[in-house]
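A quick write-up on the structure given underneath.
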Amino acid sequence: MFVKLLAMVFFSFSLLSPFLKSSSQSLDFTYNGFRPPLTDISLQGIATVTPNGLLKLTNATTQKTGHAFYTKPIRFKDSPNGNVSSFSTTFVFAINPRLRVLSGLGMAFVVAPKASLPYAHASQYMGLFNATNNGDDTNHVFAIELDTIPNLEFYDMNENHVGIDINSLMSINSSRAGYWDKTGQFKNLTLINSKRMQVWIDYDGLSHRIDVTMAPFNEDKPRKPLVSTVKDLSSVLLQDMFVGFSSSTALIISSDHFVLGWSFAVKGKAPPLALSKLPKIPRFGPTKMQRFYKNRMRLVSLVLIPVLFILSIVFLVRFIVRRRRKFAEEIEDWETEFAKIRLKFKDLYYATKGFKENGLLGSGGFGSVYKGVMPKTKKKIAVKRVSNESRQGLKEFVSEIVSIGRMSHRNLVPLLGYCRRKNELLLVYDYMPNGSLEKYLHDSPEVTLDWKQRFKVIKGVASALFFLHEEWEQVVIHRDIKASNVLLDAELNGRLGDFGLARLCGHGSDPLTTHVAGTWGYLAPDHIRTGRATTATDVFAFGVLLLEVACGRRPIEYQNESGERVLLVDLVYGFWNEGNILDAKDPNIGSEYEEREVEMVLKLGLLCSHSDPLARPTMRQVLNYLNGDAMLPDLSPLDLRWNEMMLGIQHRVGELIMSNGGSSMVDSILSDGR
């Protein structure tokens, strides 16, 4: 019996051992020169191998890329979602200038998802990226650049530096080329001087530390790295990647980029190179072209240098003028009191990466909202660009927005500041990572909220409205309560935002609005009839929101067969009148819910959206009902009979709005009705 058991254990271990080995094995390779034929090195573009074993990435052609990759995929992770294993590499390189007066573009060691970079451009992109994908996180590219051209667009520090690049040519850390000698002194190295130099790149899978070290040829590896940073590459590198080198040429013949030897290892140190066996780099003798340049250089410089100087001045002036126009702002005397909350357009422009389409969070009746990250503080923000064609009421609007921005409540989206320029106003809010409630109710059927989460959101919005109506120093009437203006923070708490239509008034007084403003479907009949917004009109919109959250339906829906428009309020009332109000609930709320709680929310939604404003509860009462501090009155459908005249007005105005093509905002953000 014991022998059989021992045999079974041995057999199981023999089956598992290949897998255990594959998850922990190391990989390494070494090239002391690249003498053909090379079976494991793929050459692309203008890259070649010389007869004496030099890997030559570039030649005398212009605007071309050169790539050389190890053709076998290297497993950097034991599992697709695992951590990147430790790896290291070392190589000897040389950059040989063809013309002493011109430098090359540099070269890079690269780790990429494929053994090629087919979409990469030449010149300043060094064969790594292009104008479209530079900075894109989906590149999954890690590179160490040896750069010999200062590109202002990539914020390069100088024309002779070493940088760590992740998915972009804007290095996360860089240093001028050089090394720390044994005495602790820094010695400069010139990348483009035809001399051989050695580079070591090490990544620690536990500490996530990236070290880049370099030294002159035949020198020992310095103890202190040249560039060092801590960055977890697990989100950058895939499970299997390819390693190699990249370079490119520009419009003018400049330099040849050589790799003399290379070794690489995963889960171990890269094997040392046999430096004595590495091939020599060629020395260029004077060619006809060089002699031509040398003989004509003085003559050309007498003409070319003054022309270039003048063109540079013209370009610089145009650049400065265009930059000033691009970031121009309007600041008037009345705005001095808002100086603390006013933000610079330049900061918002860079925070949103130029308000590009891929940063668009959404669009509404008053403008578009963009995601951004403030350059200095790294705080995530949402920037709303509001059209401001009319200047009428601008001062009053900004004053109210800033005043509302002083409010602080856990269920309100904080206003961080504003900016004004030309014909637009920019409002800056705290970024809510989970987007709007509308997305979870209507826009994304795959992502929804269960009843417990919905009830939490409802109570949060109710708390915010109670604060606006009764607890703050002034009464704030929001005027645009709807699902798209309820945002969810990281903990899925409901936060009321977008105060573009909000009005202020003192406690005990009414706002002097005479224009209808809001979103159709949430508008109270009394607001449509009189144009006056009150706290009761906010309660009506909140009642519609309650029904929308509980039913998972929009405030206005179309019947597929007849095309008739149906109000959600009418639909829920019909279910109640038939004695089965719970049939109106959203089937996506899950199975864990209290029927009494759902029934209470549905009835409270009908009560809040009563056609008679005097019959609606206050937000204080609503909050007491939701928190269980008070019981909802024992209502019947007869108690909430709708006023037919009110509904008639509601339908007729709705048809008028729909016929004019407007289903969103009725009023202008800076209209006379504010």
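If you're wondering about the labels, chains in the structure tokens are A, B, ... by order shown, residues count from 1 in each chain, ligands from 1 in order shown.
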For this session: Excluding Leu412 of chain A and any residue of its chain fewer than 3 positions from it, enumerate the residues within 7 Å of it, using only C-alpha atoms, and give them as JSON, numbers by chain.
Result: {"A": [409, 464, 495, 496, 497]}
Okay, now the selection with N, CA and C atoms, as a tab-separated table (two decimals), in the first residue's frame?
```
chain	number	residue	atom	x	y	z
A	409	HIS	N	-20.57	69.90	1.22
A	409	HIS	CA	-21.45	68.83	1.66
A	409	HIS	C	-21.01	67.54	1.01
A	464	ALA	N	-28.47	66.05	-0.02
A	464	ALA	CA	-27.92	67.23	-0.69
A	464	ALA	C	-28.99	68.27	-0.93
A	495	ARG	N	-23.74	62.06	-5.59
A	495	ARG	CA	-23.38	63.47	-5.40
A	495	ARG	C	-24.09	64.30	-6.46
A	496	LEU	N	-24.79	65.32	-6.02
A	496	LEU	CA	-25.51	66.20	-6.92
A	496	LEU	C	-24.55	67.23	-7.49
A	497	GLY	N	-24.55	67.38	-8.81
A	497	GLY	CA	-23.64	68.32	-9.45
A	497	GLY	C	-24.33	69.18	-10.47
```
For this session: With a distance cut-off of 9 Å and only C-alpha atoms, select the neighbouring residues of Asp202 of chain A, excluding the residue or stretch itself and same-chain residues fewer than 3 positions from it, and output the selection as an NGL selection string.
Result: :A and (86-90 or 209-213 or 269-270)
Put those residues in a file: N, CA and C atoms, as a tab-separated table (two decimals), in the first residue's frame.
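New file out_21.tsv:
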```tsv
chain	number	residue	atom	x	y	z
A	86	SER	N	12.17	40.04	-12.44
A	86	SER	CA	13.41	40.81	-12.57
A	86	SER	C	14.08	40.48	-13.90
A	87	PHE	N	14.70	41.48	-14.52
A	87	PHE	CA	15.45	41.23	-15.74
A	87	PHE	C	16.60	42.22	-15.83
A	88	SER	N	17.60	41.87	-16.63
A	88	SER	CA	18.73	42.78	-16.82
A	88	SER	C	19.31	42.57	-18.21
A	89	THR	N	19.97	43.58	-18.70
A	89	THR	CA	20.62	43.50	-20.00
A	89	THR	C	21.82	44.42	-20.01
A	90	THR	N	22.77	44.10	-20.86
A	90	THR	CA	23.93	44.97	-21.06
A	90	THR	C	24.31	44.92	-22.53
A	209	ARG	N	12.43	48.70	-8.96
A	209	ARG	CA	13.45	49.71	-9.21
A	209	ARG	C	14.09	49.48	-10.58
A	210	ILE	N	14.18	50.57	-11.36
A	210	ILE	CA	14.83	50.54	-12.67
A	210	ILE	C	16.14	51.31	-12.56
A	211	ASP	N	17.25	50.66	-12.84
A	211	ASP	CA	18.57	51.29	-12.81
A	211	ASP	C	19.19	51.24	-14.21
A	212	VAL	N	19.69	52.40	-14.65
A	212	VAL	CA	20.43	52.48	-15.92
A	212	VAL	C	21.82	53.01	-15.61
A	213	THR	N	22.83	52.24	-16.01
A	213	THR	CA	24.22	52.58	-15.71
A	213	THR	C	25.01	52.54	-17.01
A	269	LYS	N	21.02	37.80	-13.65
A	269	LYS	CA	21.86	38.85	-14.17
A	269	LYS	C	22.28	38.52	-15.60
A	270	ALA	N	22.30	39.56	-16.42
A	270	ALA	CA	22.74	39.35	-17.80
A	270	ALA	C	24.19	38.86	-17.81
```
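Across the structure, atom CA of Gln474 of chain A and atom CA of Ile404 of chain A are spaced 9.5 Å apart.
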For this session: Just give me the gap between atom CA of Val598 of chain A and atom CA of Thr537 of chain A in Å, one decimal is fine.
Result: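 Value for the atom CA of Val598 of chain A-atom CA of Thr537 of chain A distance: 23.4 Å.
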Exercise. If we count only C-alpha atoms, what is near segment 220-222 of chain A at a cut-off of 7 Å, once residues fewer than 4 positions away on the same chain are taken out, given as a PyMOL selection string?
Worked result: chain A and resi 180-181+215
Filtering to N, CA and C atoms, could you give me those residues as a tab-separated table (two decimals), in the first residue's frame?
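Saved as selection30.tsv:
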```tsv
chain	number	residue	atom	x	y	z
A	180	TRP	N	29.56	57.62	-12.73
A	180	TRP	CA	30.18	57.93	-11.45
A	180	TRP	C	31.40	57.03	-11.30
A	181	ASP	N	32.57	57.66	-11.16
A	181	ASP	CA	33.79	56.85	-11.07
A	181	ASP	C	33.97	56.29	-9.66
A	215	ALA	N	29.22	53.36	-18.80
A	215	ALA	CA	30.63	53.61	-18.53
A	215	ALA	C	31.40	53.51	-19.85
```
For this session: Identify all residues of segment 90-301 of chain A in strand (DSSP E or B) (DSSP on the backbone) and supply them as a ChimeraX atom specification.
Result: /A:90-97,106-112,142-147,161-166,173-176,178-180,186-188,197-203,209-216,227-230,240-248,255-266
Problem set entry | Shell around segment 374-381 of chain A at 9 Å using only C-alpha atoms, local window under 6 positions removed, as a list in words | Asp347, Leu348, Tyr350, Ala351, Thr352, Leu416, Val428, Tyr429, Asp430, Tyr431 and Met432 of chain A
For those residues, write N, CA and C atoms to a file as a short mmCIF file (atom, residue, chain, number, x, y, z; two decimals), in the first residue's frame.
```
data_model
loop_
_atom_site.label_atom_id
_atom_site.label_comp_id
_atom_site.auth_asym_id
_atom_site.auth_seq_id
_atom_site.Cartn_x
_atom_site.Cartn_y
_atom_site.Cartn_z
N ASP A 347 -3.30 76.13 -17.56
CA ASP A 347 -3.25 74.94 -16.71
C ASP A 347 -4.35 73.95 -17.08
N LEU A 348 -5.55 74.47 -17.36
CA LEU A 348 -6.66 73.59 -17.73
C LEU A 348 -6.42 72.94 -19.09
N TYR A 350 -3.46 72.15 -20.45
CA TYR A 350 -2.51 71.05 -20.29
C TYR A 350 -3.10 69.91 -19.45
N ALA A 351 -3.96 70.25 -18.49
CA ALA A 351 -4.57 69.22 -17.65
C ALA A 351 -5.44 68.27 -18.47
N THR A 352 -6.13 68.82 -19.47
CA THR A 352 -7.03 68.01 -20.31
C THR A 352 -6.37 67.57 -21.61
N LEU A 416 -14.26 73.48 -7.89
CA LEU A 416 -12.89 73.85 -7.53
C LEU A 416 -12.50 75.23 -8.04
N VAL A 428 -14.70 74.14 -13.20
CA VAL A 428 -13.83 73.02 -12.83
C VAL A 428 -14.38 72.35 -11.57
N TYR A 429 -14.68 71.06 -11.69
CA TYR A 429 -15.25 70.28 -10.59
C TYR A 429 -14.30 69.16 -10.19
N ASP A 430 -14.53 68.64 -9.01
CA ASP A 430 -13.82 67.45 -8.56
C ASP A 430 -14.27 66.27 -9.44
N TYR A 431 -13.33 65.45 -9.86
CA TYR A 431 -13.65 64.34 -10.76
C TYR A 431 -14.30 63.19 -9.99
N MET A 432 -15.42 62.71 -10.52
CA MET A 432 -16.12 61.58 -9.93
C MET A 432 -15.82 60.33 -10.78
#
```
Exercise. Which residue out of A:Leu604, A:Leu488, A:Met407, A:Val314 has the minimum interatomic distance to Lys439 of chain A when only C-alpha atoms are used?
Worked result: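 Checking each of A:Leu604, A:Leu488, A:Met407, A:Val314 against Lys439 of chain A, counting only C-alpha atoms, the winner is A:Leu488.
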For this session: Give me the residues within 7 Å of Cys419 of chain A as a VMD selection string, counting only C-alpha atoms and dropping any in the same chain fewer than 3 places off.
Result: chain A and resid 342 to 345 425 to 427
Problem set entry | Nearest candidate to Thr65 of chain A (options A:Leu169, A:Val199, A:Ala47, A:Val373; using only C-alpha atoms) |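 Nearest candidate to Thr65 of chain A out of A:Leu169, A:Val199, A:Ala47, A:Val373: A:Ala47.
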Problem set entry | Atom-to-atom span, atom CA of Val162 of chain A and atom CA of Leu27 of chain A, Å |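 About the pair atom CA of Val162 of chain A and atom CA of Leu27 of chain A: they are 26.5 Å apart.
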Problem set entry | Long-range neighbours of Asp489 of chain A as a ChimeraX atom specification, 8 Å cut-off, only C-alpha atoms, 4 positions minimum in chain | /A:432-435,493-495
